[in-house]
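**Student:** You'll find query-v6.csv just under this line, and it carries CSV, C-alpha atoms.
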```csv
chain,number,residue,atom,x,y,z
C,234,MET,CA,32.9,19.2,2.7
C,235,SER,CA,30.8,18.7,5.8
C,236,PRO,CA,30.2,15.2,7.3
C,237,ILE,CA,26.5,15.6,6.3
C,238,LEU,CA,27.3,16.4,2.7
C,239,GLU,CA,29.9,13.6,2.6
C,240,THR,CA,27.1,11.2,3.7
C,241,VAL,CA,24.7,12.5,1.1
C,242,SER,CA,27.4,12.2,-1.6
C,243,GLU,CA,28.3,8.7,-0.7
C,244,PHE,CA,24.6,7.7,-0.5
C,245,ALA,CA,23.9,9.2,-4.0
C,246,THR,CA,27.1,8.1,-5.8
C,247,GLU,CA,27.5,4.6,-4.4
C,248,PRO,CA,24.2,3.0,-4.9
C,249,HIS,CA,25.4,-0.6,-5.3
C,250,GLU,CA,24.7,-1.7,-1.8
C,251,LEU,CA,21.2,-0.1,-1.9
C,252,ILE,CA,20.4,-1.8,-5.2
C,253,GLN,CA,21.5,-5.2,-3.7
C,254,THR,CA,19.6,-4.8,-0.4
C,255,TYR,CA,16.5,-2.8,-1.1
C,256,GLY,CA,13.4,-5.0,-0.9
C,257,GLN,CA,15.5,-7.7,0.8
C,258,GLU,CA,16.0,-5.9,4.1
C,259,PRO,CA,13.8,-3.5,6.1
C,260,ALA,CA,14.2,0.1,5.2
C,261,ALA,CA,15.1,0.9,8.8
C,262,THR,CA,18.0,-1.6,8.7
C,263,ILE,CA,19.4,0.0,5.4
C,264,ALA,CA,18.9,3.5,6.8
C,265,ALA,CA,20.9,2.7,9.9
C,266,ARG,CA,23.8,1.3,7.8
C,267,PHE,CA,23.9,4.5,5.7
C,268,GLY,CA,23.2,6.8,8.6
C,269,ARG,CA,20.2,8.2,6.8
C,270,SER,CA,16.4,8.3,7.5
C,271,CYS,CA,14.0,5.7,6.1
C,272,GLY,CA,12.5,8.5,4.0
C,273,ALA,CA,15.9,9.1,2.4
C,274,VAL,CA,16.3,5.4,1.6
C,275,TYR,CA,12.9,5.3,0.0
C,276,ALA,CA,13.5,8.4,-2.0
C,277,ARG,CA,16.9,7.2,-3.3
C,278,ALA,CA,15.4,3.8,-4.2
C,279,ALA,CA,12.6,5.6,-6.1
C,280,ILE,CA,15.2,7.7,-8.0
C,281,LEU,CA,17.0,4.5,-8.9
C,282,GLY,CA,13.8,2.9,-10.1
C,283,LEU,CA,13.9,0.2,-7.4
C,284,SER,CA,10.8,-1.5,-6.1
C,285,GLU,CA,9.8,-4.0,-3.5
C,286,ALA,CA,8.5,-7.3,-4.9
C,287,ALA,CA,7.5,-8.4,-1.4
C,288,ALA,CA,8.0,-6.6,1.9
C,289,PRO,CA,10.8,-8.0,4.1
C,290,ALA,CA,9.8,-9.6,7.3
C,291,TRP,CA,9.2,-7.3,10.2
C,292,THR,CA,12.1,-7.0,12.7
C,293,PRO,CA,11.8,-7.0,16.5
C,294,TRP,CA,13.0,-3.4,16.4
C,295,GLU,CA,10.2,-2.4,14.1
C,296,ASP,CA,7.6,-4.2,16.2
C,297,ALA,CA,9.0,-2.4,19.3
C,298,GLN,CA,8.7,1.0,17.6
C,299,LEU,CA,5.2,0.1,16.4
C,300,ARG,CA,4.0,-0.9,19.9
C,301,ALA,CA,5.7,2.2,21.5
C,302,GLY,CA,4.3,4.6,18.9
C,303,PHE,CA,0.7,3.2,19.3
C,304,ALA,CA,0.9,3.4,23.1
C,305,ALA,CA,2.3,6.9,23.1
C,306,ASP,CA,-0.5,8.2,20.8
C,307,ILE,CA,2.0,9.2,18.0
C,308,PRO,CA,0.2,9.7,14.6
C,309,THR,CA,0.5,6.4,12.8
C,310,ALA,CA,1.6,8.1,9.6
C,311,GLN,CA,4.6,9.4,11.6
C,312,VAL,CA,5.2,5.9,13.0
C,313,ALA,CA,5.2,4.6,9.4
C,314,LEU,CA,7.7,7.2,8.3
C,315,ILE,CA,10.1,6.5,11.2
C,316,ILE,CA,10.2,2.7,10.6
C,317,GLY,CA,10.1,3.0,6.8
C,318,ARG,CA,6.8,1.0,6.1
C,319,PRO,CA,3.7,2.0,4.1
C,320,HIS,CA,1.1,3.6,6.3
C,321,SER,CA,-1.5,1.0,5.6
C,322,GLY,CA,1.1,-1.7,6.3
C,323,VAL,CA,1.5,-0.4,9.8
C,324,TYR,CA,-2.2,-1.1,10.5
C,325,SER,CA,-1.9,-4.6,8.9
C,326,ARG,CA,1.0,-5.4,11.2
C,327,ALA,CA,-0.8,-3.9,14.2
C,328,GLY,CA,-3.7,-6.2,13.5
C,329,LYS,CA,-1.4,-9.2,13.5
C,330,LEU,CA,0.1,-8.1,16.8
C,331,GLY,CA,-3.3,-7.5,18.3
C,332,ILE,CA,-2.7,-3.9,19.3
C,333,LYS,CA,-4.7,-0.7,18.7
C,334,HIS,CA,-3.6,2.9,18.6
C,335,ALA,CA,-4.4,4.9,21.7
C,336,SER,CA,-6.6,7.3,19.7
C,337,THR,CA,-8.4,4.8,17.5
C,338,PRO,CA,-12.1,6.0,17.3
C,339,LYS,CA,-14.6,3.8,18.9
C,340,GLY,CA,-16.0,1.2,16.5
C,341,TRP,CA,-13.1,1.3,14.1
C,342,THR,CA,-11.0,-1.9,13.4
C,343,ASN,CA,-7.4,-2.0,12.2
C,344,ALA,CA,-8.6,-3.7,9.0
C,345,GLU,CA,-11.1,-1.0,8.3
C,346,ILE,CA,-8.5,1.8,8.9
C,347,GLU,CA,-6.0,0.0,6.7
C,348,ARG,CA,-8.4,-0.2,3.9
C,349,ALA,CA,-9.5,3.5,4.3
C,350,ILE,CA,-5.9,4.6,4.1
C,351,GLU,CA,-5.3,2.5,1.0
C,352,LEU,CA,-8.3,4.2,-0.7
C,353,VAL,CA,-7.1,7.7,0.4
C,354,GLU,CA,-3.6,6.9,-1.1
C,355,ALA,CA,-5.3,5.8,-4.3
C,356,GLY,CA,-6.8,9.3,-4.7
C,357,HIS,CA,-10.5,8.6,-3.8
C,358,SER,CA,-12.6,11.3,-2.2
C,359,TYR,CA,-14.0,10.8,1.3
C,360,ALA,CA,-17.5,10.4,-0.1
C,361,GLN,CA,-16.3,7.7,-2.5
C,362,ILE,CA,-14.4,5.9,0.3
C,363,GLY,CA,-17.5,5.8,2.5
C,364,THR,CA,-19.4,4.2,-0.3
C,365,ILE,CA,-16.7,1.7,-1.1
C,366,LEU,CA,-16.2,0.7,2.6
C,367,GLY,CA,-19.9,0.0,2.8
C,368,ARG,CA,-19.9,-2.2,-0.3
C,369,GLU,CA,-17.0,-4.2,1.1
C,370,GLY,CA,-18.9,-5.1,4.3
C,371,PHE,CA,-17.5,-2.4,6.6
C,372,PRO,CA,-19.8,0.0,8.5
C,373,ALA,CA,-21.1,2.9,6.6
C,374,ARG,CA,-18.9,6.0,7.2
C,375,THR,CA,-19.7,9.7,6.7
C,376,LYS,CA,-17.3,12.2,5.1
C,377,SER,CA,-16.8,13.9,8.4
C,378,SER,CA,-15.9,10.7,10.2
C,379,LEU,CA,-13.3,9.8,7.6
C,380,GLN,CA,-11.9,13.3,7.8
C,381,GLY,CA,-11.6,13.0,11.5
C,382,LEU,CA,-9.9,9.6,11.2
C,383,MET,CA,-7.3,10.8,8.7
C,384,LYS,CA,-6.6,13.8,11.0
C,385,ARG,CA,-6.0,11.5,13.9
C,386,THR,CA,-3.7,9.2,11.9
C,387,GLY,CA,-1.7,12.1,10.5
C,388,GLN,CA,-2.3,10.9,6.9
C,389,GLY,CA,-0.7,13.5,4.5
C,390,LYS,CA,1.0,15.6,7.2
C,391,GLY,CA,4.7,16.5,6.9
C,392,TRP,CA,5.1,17.8,10.5
C,393,GLY,CA,7.2,20.8,9.3
C,394,ARG,CA,10.2,18.6,8.4
C,395,VAL,CA,13.1,20.0,6.3
C,396,TRP,CA,13.2,18.7,2.8
C,397,MET,CA,16.0,16.2,2.1
C,398,PRO,CA,18.2,16.3,-1.0
C,399,GLU,CA,16.8,12.9,-2.1
C,400,GLU,CA,13.2,14.3,-1.8
C,401,ASP,CA,14.1,17.3,-3.9
C,402,GLU,CA,15.7,15.1,-6.5
C,403,LEU,CA,12.7,12.8,-6.6
C,404,LEU,CA,10.3,15.8,-6.9
C,405,ILE,CA,12.4,17.3,-9.8
C,406,LYS,CA,12.4,13.9,-11.5
C,407,ALA,CA,8.6,13.6,-11.1
C,408,TYR,CA,8.1,17.0,-12.7
C,409,ARG,CA,10.6,16.2,-15.5
C,410,ASP,CA,9.1,12.8,-16.3
C,411,ASN,CA,5.4,13.8,-15.7
C,412,ALA,CA,5.4,11.0,-13.2
C,413,SER,CA,3.1,10.3,-10.2
C,414,LEU,CA,3.6,12.4,-7.1
C,415,THR,CA,2.1,9.7,-4.9
C,416,PRO,CA,5.4,8.5,-3.4
C,417,LEU,CA,6.1,12.0,-2.0
C,418,ARG,CA,2.6,12.2,-0.5
C,419,ASN,CA,2.5,8.7,1.0
C,420,ARG,CA,5.8,7.1,1.7
C,421,LEU,CA,7.5,10.4,2.5
C,422,GLY,CA,4.6,11.8,4.6
C,423,ARG,CA,4.3,15.0,2.6
C,424,SER,CA,1.0,16.9,2.1
C,425,VAL,CA,-0.2,18.3,-1.2
C,426,PHE,CA,0.5,21.8,0.1
C,427,SER,CA,4.0,20.9,1.1
C,428,ILE,CA,4.7,19.5,-2.3
C,429,ARG,CA,3.2,22.5,-4.0
C,430,TRP,CA,5.3,24.9,-1.9
C,431,ARG,CA,8.5,23.0,-2.5
C,432,ALA,CA,7.8,22.8,-6.3
C,433,GLU,CA,7.5,26.6,-6.4
C,434,TYR,CA,10.6,27.0,-4.3
C,435,LEU,CA,12.5,24.9,-6.9
C,436,ASN,CA,11.0,26.8,-9.8
C,437,LEU,CA,9.0,23.7,-10.9
C,438,ARG,CA,5.7,25.5,-11.0
C,439,GLY,CA,3.7,24.8,-14.1
C,440,THR,CA,6.1,22.1,-15.4
C,441,HIS,CA,4.1,19.1,-14.3
C,442,ALA,CA,1.8,18.6,-17.2
C,443,ARG,CA,-0.7,16.2,-15.5
C,444,SER,CA,-3.3,18.4,-13.7
C,445,LYS,CA,-4.0,15.5,-11.3
C,446,GLY,CA,-0.5,14.4,-10.9
C,447,PHE,CA,-1.2,12.4,-7.7
C,448,ARG,CA,-3.1,9.8,-9.8
C,449,LEU,CA,-1.3,6.9,-11.4
C,450,GLY,CA,-3.4,6.7,-14.5
C,451,PRO,CA,-5.3,8.9,-16.9
C,452,ASP,CA,-8.7,10.5,-15.9
C,453,TRP,CA,-11.8,8.5,-16.6
C,454,SER,CA,-13.9,10.1,-19.4
C,455,GLU,CA,-17.6,9.5,-19.9
C,456,ALA,CA,-16.8,7.2,-22.8
C,457,ASP,CA,-14.4,5.2,-20.7
C,458,GLU,CA,-17.0,4.7,-18.0
C,459,ALA,CA,-19.6,3.8,-20.6
C,460,ARG,CA,-17.3,1.1,-22.0
C,461,LEU,CA,-16.6,-0.2,-18.5
C,462,ARG,CA,-20.3,-0.5,-17.8
C,463,ARG,CA,-20.7,-2.4,-21.0
C,464,ASP,CA,-17.8,-4.8,-20.8
C,465,TYR,CA,-17.1,-5.3,-17.1
C,466,GLY,CA,-17.7,-8.9,-16.2
C,467,LYS,CA,-18.2,-9.9,-19.8
C,468,ILE,CA,-14.5,-9.6,-20.9
C,469,PRO,CA,-11.8,-11.0,-18.6
C,470,THR,CA,-10.5,-8.2,-16.4
C,471,PRO,CA,-6.8,-8.6,-17.5
C,472,GLU,CA,-7.9,-8.4,-21.1
C,473,LEU,CA,-10.2,-5.4,-20.5
C,474,ALA,CA,-7.4,-3.6,-18.7
C,475,ARG,CA,-5.0,-4.2,-21.6
C,476,GLN,CA,-7.6,-2.9,-24.1
C,477,MET,CA,-8.3,0.2,-22.1
C,478,GLY,CA,-4.6,0.8,-21.3
C,479,ARG,CA,-5.1,0.6,-17.6
C,480,THR,CA,-4.1,-1.6,-14.7
C,481,ARG,CA,-6.4,-4.3,-13.3
C,482,ALA,CA,-6.5,-2.5,-10.0
C,483,ALA,CA,-7.7,0.7,-11.9
C,484,ILE,CA,-10.4,-1.3,-13.6
C,485,PHE,CA,-11.6,-3.0,-10.4
C,486,THR,CA,-11.5,0.2,-8.4
C,487,ARG,CA,-13.5,2.2,-10.9
C,488,ALA,CA,-16.0,-0.6,-11.3
C,489,ASN,CA,-16.4,-0.6,-7.5
C,490,ILE,CA,-17.1,3.2,-7.5
C,491,LEU,CA,-19.7,2.8,-10.3
C,492,GLY,CA,-21.4,0.0,-8.4
C,493,LEU,CA,-20.8,-2.6,-11.1
C,494,ALA,CA,-21.1,-6.3,-10.4
C,495,HIS,CA,-18.8,-8.9,-12.0
C,496,GLU,CA,-21.1,-11.3,-13.7
C,497,GLY,CA,-18.5,-14.0,-13.8
C,498,ARG,CA,-17.8,-13.8,-10.1
C,499,GLN,CA,-17.3,-17.3,-8.6
C,500,ARG,CA,-19.2,-18.6,-5.7
C,501,TRP,CA,-17.3,-19.5,-2.6
C,502,THR,CA,-17.2,-23.3,-2.2
C,503,SER,CA,-16.3,-25.2,1.0
C,504,ASP,CA,-12.8,-25.9,-0.5
C,505,HIS,CA,-12.2,-22.3,-1.2
C,506,LEU,CA,-13.3,-21.2,2.3
C,507,ALA,CA,-11.0,-23.9,3.8
C,508,ALA,CA,-8.1,-22.8,1.6
C,509,LEU,CA,-8.6,-19.2,2.7
C,510,ARG,CA,-8.2,-20.1,6.4
C,511,ILE,CA,-5.3,-22.5,5.7
C,512,ALA,CA,-3.4,-20.0,3.6
C,513,HIS,CA,-3.8,-17.4,6.3
C,514,GLU,CA,-2.5,-19.8,9.0
C,515,HIS,CA,0.4,-21.1,6.9
C,516,GLY,CA,1.9,-17.8,5.6
C,517,ILE,CA,0.6,-18.1,2.0
C,518,SER,CA,0.6,-14.7,0.2
C,519,LEU,CA,-2.6,-13.3,-1.0
C,520,THR,CA,-1.3,-13.2,-4.6
C,521,ASP,CA,-0.4,-16.9,-4.5
C,522,LEU,CA,-3.8,-17.7,-3.0
C,523,ALA,CA,-5.6,-15.7,-5.6
C,524,ALA,CA,-3.8,-17.6,-8.4
C,525,ALA,CA,-4.7,-20.9,-6.8
C,526,LEU,CA,-8.4,-20.0,-6.5
C,527,GLY,CA,-8.6,-18.3,-9.9
C,528,ARG,CA,-9.7,-15.0,-8.3
C,529,GLU,CA,-8.8,-11.3,-8.4
C,530,VAL,CA,-6.4,-10.2,-5.7
C,531,ASP,CA,-8.4,-7.1,-4.8
C,532,ALA,CA,-11.6,-9.0,-4.5
C,533,LEU,CA,-9.9,-11.7,-2.4
C,534,HIS,CA,-8.4,-9.0,-0.2
C,535,LYS,CA,-11.9,-7.5,0.5
C,536,TYR,CA,-13.4,-10.9,1.2
C,537,ALA,CA,-10.6,-11.9,3.6
C,538,ALA,CA,-11.0,-8.6,5.5
C,539,LYS,CA,-14.7,-9.3,5.9
C,540,GLN,CA,-13.8,-12.6,7.5
C,541,GLY,CA,-11.4,-10.8,9.9
C,542,LEU,CA,-8.3,-12.3,8.1
C,543,ALA,CA,-5.5,-9.8,7.5
C,544,PHE,CA,-2.8,-11.2,5.2
C,545,GLY,CA,-0.6,-8.1,5.0
C,546,ARG,CA,2.4,-8.3,2.7
C,547,ARG,CA,3.9,-11.8,2.5
C,548,PRO,CA,6.6,-13.1,0.2
C,549,ARG,CA,5.5,-15.2,-2.8
C,550,ARG,CA,6.6,-18.8,-3.1
C,551,PRO,CA,9.1,-19.8,-5.8
C,552,ALA,CA,6.7,-22.4,-7.0
C,553,PRO,CA,3.1,-21.1,-6.7
C,554,PRO,CA,0.9,-23.6,-4.8
C,555,THR,CA,-2.2,-25.1,-6.3
C,556,LEU,CA,-5.6,-25.3,-4.5
C,557,ALA,CA,-4.8,-29.0,-3.7
C,558,ASP,CA,-1.3,-28.0,-2.3
C,559,ILE,CA,-2.9,-25.5,0.1
C,560,LEU,CA,-5.6,-27.9,1.3
C,561,ASN,CA,-2.9,-30.5,2.0
C,562,LEU,CA,-0.8,-28.1,4.2
C,563,PRO,CA,-2.3,-29.1,7.5
C,564,GLU,CA,-1.7,-32.8,6.8
C,565,ALA,CA,1.8,-32.1,5.6
C,566,ALA,CA,2.6,-30.0,8.8
C,567,LYS,CA,1.1,-32.8,10.9
C,568,GLY,CA,3.3,-35.4,9.2
C,569,GLU,CA,6.4,-33.3,9.8
C,570,GLY,CA,5.5,-32.9,13.4
C,571,GLU,CA,5.1,-36.7,13.9
C,572,GLY,CA,8.4,-37.3,12.0
```
How does the structure come out when it is put into structure tokens?
**Tutor:**
Amino acid sequence: MSPILETVSEFATEPHELIQTYGQEPAATIAARFGRSCGAVYARAAILGLSEAAAPAWTPWEDAQLRAGFAADIPTAQVALIIGRPHSGVYSRAGKLGIKHASTPKGWTNAEIERAIELVEAGHSYAQIGTILGREGFPARTKSSLQGLMKRTGQGKGWGRVWMPEEDELLIKAYRDNASLTPLRNRLGRSVFSIRWRAEYLNLRGTHARSKGFRLGPDWSEADEARLRRDYGKIPTPELARQMGRTRAAIFTRANILGLAHEGRQRWTSDHLAALRIAHEHGISLTDLAAALGREVDALHKYAAKQGLAFGRRPRRPAPPTLADILNLPEAAKGEGEG
């Protein structure tokens, strides 16, 4: 057996270390230990059903790769694949580091590009994305400008890479289980055409029952949209999501596309605004902040972006802080400094 096949065999049959470390260490660190690529680590983790509760802290090596890739005008989707981070997460980190990609179009911010990539990965059309960005306070963007942006970033391109055994296994599993194909498109940097070609090569053509397999949930029917128009803002979003058999993110995204306003949306008080700034400065996760403020995470993400505050992916605290806890953080930090 060749050294390469021995490595693949060990990686596939000895998953204990991957199970213990995935989500706790950066993918690049795990990949170096196994002698595999970050894409292979992600694919194997997906096959094993592993997930990241919160992204591990960025390492100096990852930051160095990010800076070098941005300066050398390497497509950011390729940079994300090399270091093993989500494409949108690369722009979130770049915003924190205060760097811009060499080919960033004039007038575009890292926060806006991050959000556009998130919407592309969620399966929205360019026309829909332009509308959503406008509603969220970003500049109005045309279909052609978004197409140009995605071409520059390399979103969805596979760069002619050979398919790895882990990728094949993940594709076969997706077709067998009628699961989402999104991981192959996004985290592995594969295009729709690349996936279609590989599925045919593996004789998987026609076995994926979901006609729009890249989407995580069922299609929206006219009846579904009618009910959403009727109940959105009148029934709590978590309960409405449960009744409709969808995620809260799916409810919120569809309501945004339809231009629906949440009637129960809270006004921003001075305490809430102060908590937003304090949480950003003190490393509070967006999820913990949303719980403390009693707000939807997606809505809070949009509002923070409008204020120029990029939270990125932060670990949650064992004991979620209250609004009072967050407001007291500056005094607590001051007391520790004096002590």
**Student:** Please, what distance in Å, to one decimal, runs between CA of Glu529 (chain C) and CA of Ala412 (chain C)?
**Tutor:**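 Computed distance, CA of Glu529 (chain C) to CA of Ala412 (chain C), equals 26.9 Å.
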**Student:** Residues within 8 Å of Pro554 (chain C), please, as a PDB file with C-alpha atoms, in the coordinates of the input. Count all atoms listed in the file; anything in the same chain fewer than 2 positions from it doesn't count.
**Tutor:**
```pdb
ATOM      1  CA  ASP C 521      -0.400 -16.900  -4.500  1.00  0.00           C
ATOM      2  CA  LEU C 522      -3.800 -17.700  -3.000  1.00  0.00           C
ATOM      3  CA  ALA C 525      -4.700 -20.900  -6.800  1.00  0.00           C
ATOM      4  CA  ARG C 550       6.600 -18.800  -3.100  1.00  0.00           C
ATOM      5  CA  ALA C 552       6.700 -22.400  -7.000  1.00  0.00           C
ATOM      6  CA  LEU C 556      -5.600 -25.300  -4.500  1.00  0.00           C
ATOM      7  CA  ALA C 557      -4.800 -29.000  -3.700  1.00  0.00           C
ATOM      8  CA  ASP C 558      -1.300 -28.000  -2.300  1.00  0.00           C
ATOM      9  CA  ILE C 559      -2.900 -25.500   0.100  1.00  0.00           C
TER      10      ILE C 559
END
```
**Student:** Would you compute the distance between CA of Gly422 (chain C) and CA of Gly272 (chain C)? Give it in Å to one decimal.
**Tutor:** 8.6 Å
**Student:** Dig up all the protein and nucleic acid residues within 8 Å of (18.7, 2.1, -2.8) in the file frame, using all atoms listed in the file, and format them as a list in words.
**Tutor:**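 All residues meeting the 8 Å criterion around (18.7, 2.1, -2.8) are Pro248, His249, Glu250, Leu251, Ile252, Gln253, Thr254, Tyr255, Val274, Tyr275, Arg277, Ala278, Ala279, Leu281 and Leu283 of chain C.
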**Student:** What is the CA of Leu379 (chain C)-CA of Asp306 (chain C) distance in Å, reported with one decimal?
**Tutor:**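 Going from CA of Leu379 (chain C) over to CA of Asp306 (chain C), I get 18.5 Å.
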**Student:** May I have the residues within 12 Å of Val530 (chain C) as a ChimeraX atom specification, using only C-alpha atoms and disregarding those fewer than 6 positions away in the same chain?
**Tutor:** /C:470-471,481-482,485-486,518-524,536-537,544
**Student:** Restricted to C-alpha atoms, what would the selected residues look like written as an mmCIF file, keeping the file's coordinate frame?
**Tutor:**
```cif
data_model
loop_
_atom_site.group_PDB
_atom_site.id
_atom_site.type_symbol
_atom_site.label_atom_id
_atom_site.label_comp_id
_atom_site.auth_asym_id
_atom_site.auth_seq_id
_atom_site.Cartn_x
_atom_site.Cartn_y
_atom_site.Cartn_z
ATOM 1 C CA THR C 470 -10.500 -8.200 -16.400
ATOM 2 C CA PRO C 471 -6.800 -8.600 -17.500
ATOM 3 C CA ARG C 481 -6.400 -4.300 -13.300
ATOM 4 C CA ALA C 482 -6.500 -2.500 -10.000
ATOM 5 C CA PHE C 485 -11.600 -3.000 -10.400
ATOM 6 C CA THR C 486 -11.500 0.200 -8.400
ATOM 7 C CA SER C 518 0.600 -14.700 0.200
ATOM 8 C CA LEU C 519 -2.600 -13.300 -1.000
ATOM 9 C CA THR C 520 -1.300 -13.200 -4.600
ATOM 10 C CA ASP C 521 -0.400 -16.900 -4.500
ATOM 11 C CA LEU C 522 -3.800 -17.700 -3.000
ATOM 12 C CA ALA C 523 -5.600 -15.700 -5.600
ATOM 13 C CA ALA C 524 -3.800 -17.600 -8.400
ATOM 14 C CA TYR C 536 -13.400 -10.900 1.200
ATOM 15 C CA ALA C 537 -10.600 -11.900 3.600
ATOM 16 C CA PHE C 544 -2.800 -11.200 5.200
#
```
**Student:** Would you please work out which residue, of C:Leu562, C:Thr262, C:Asp531, C:Arg423, is nearest to Trp396 (chain C) when using all atoms listed in the file?
**Tutor:** C:Arg423
**Student:** Can you pull out the residues contacting Ala327 (chain C)? Cut-off 10 Å, using only C-alpha atoms, and skip same-chain residues under 3 positions away; I want them as a PyMOL selection string.
**Tutor:** chain C and resi 296+299-300+303+321-324+330-334+343-344+347
**Student:** Here is a test: counting all atoms listed in the file, which residue of C:Ala305, C:Leu435, C:Ala288, C:Leu414 is nearest to Ser336 (chain C)?
**Tutor:**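 So, comparing all the options, the nearest one is C:Ala305.
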**Student:** Give me the residues within 9 Å of Thr337 (chain C) as number ranges by chain, counting only C-alpha atoms and dropping any in the same chain fewer than 5 places off.
**Tutor:** C: 342-343, 382, 385-386
**Student:** So which residues fall inside 12 Å of (-17.8, 5.5, 1.7) if we count all atoms listed in the file? Mind giving them as an NGL selection string?
**Tutor:** :C and (345 or 348-349 or 352-353 or 357-380 or 489-490)
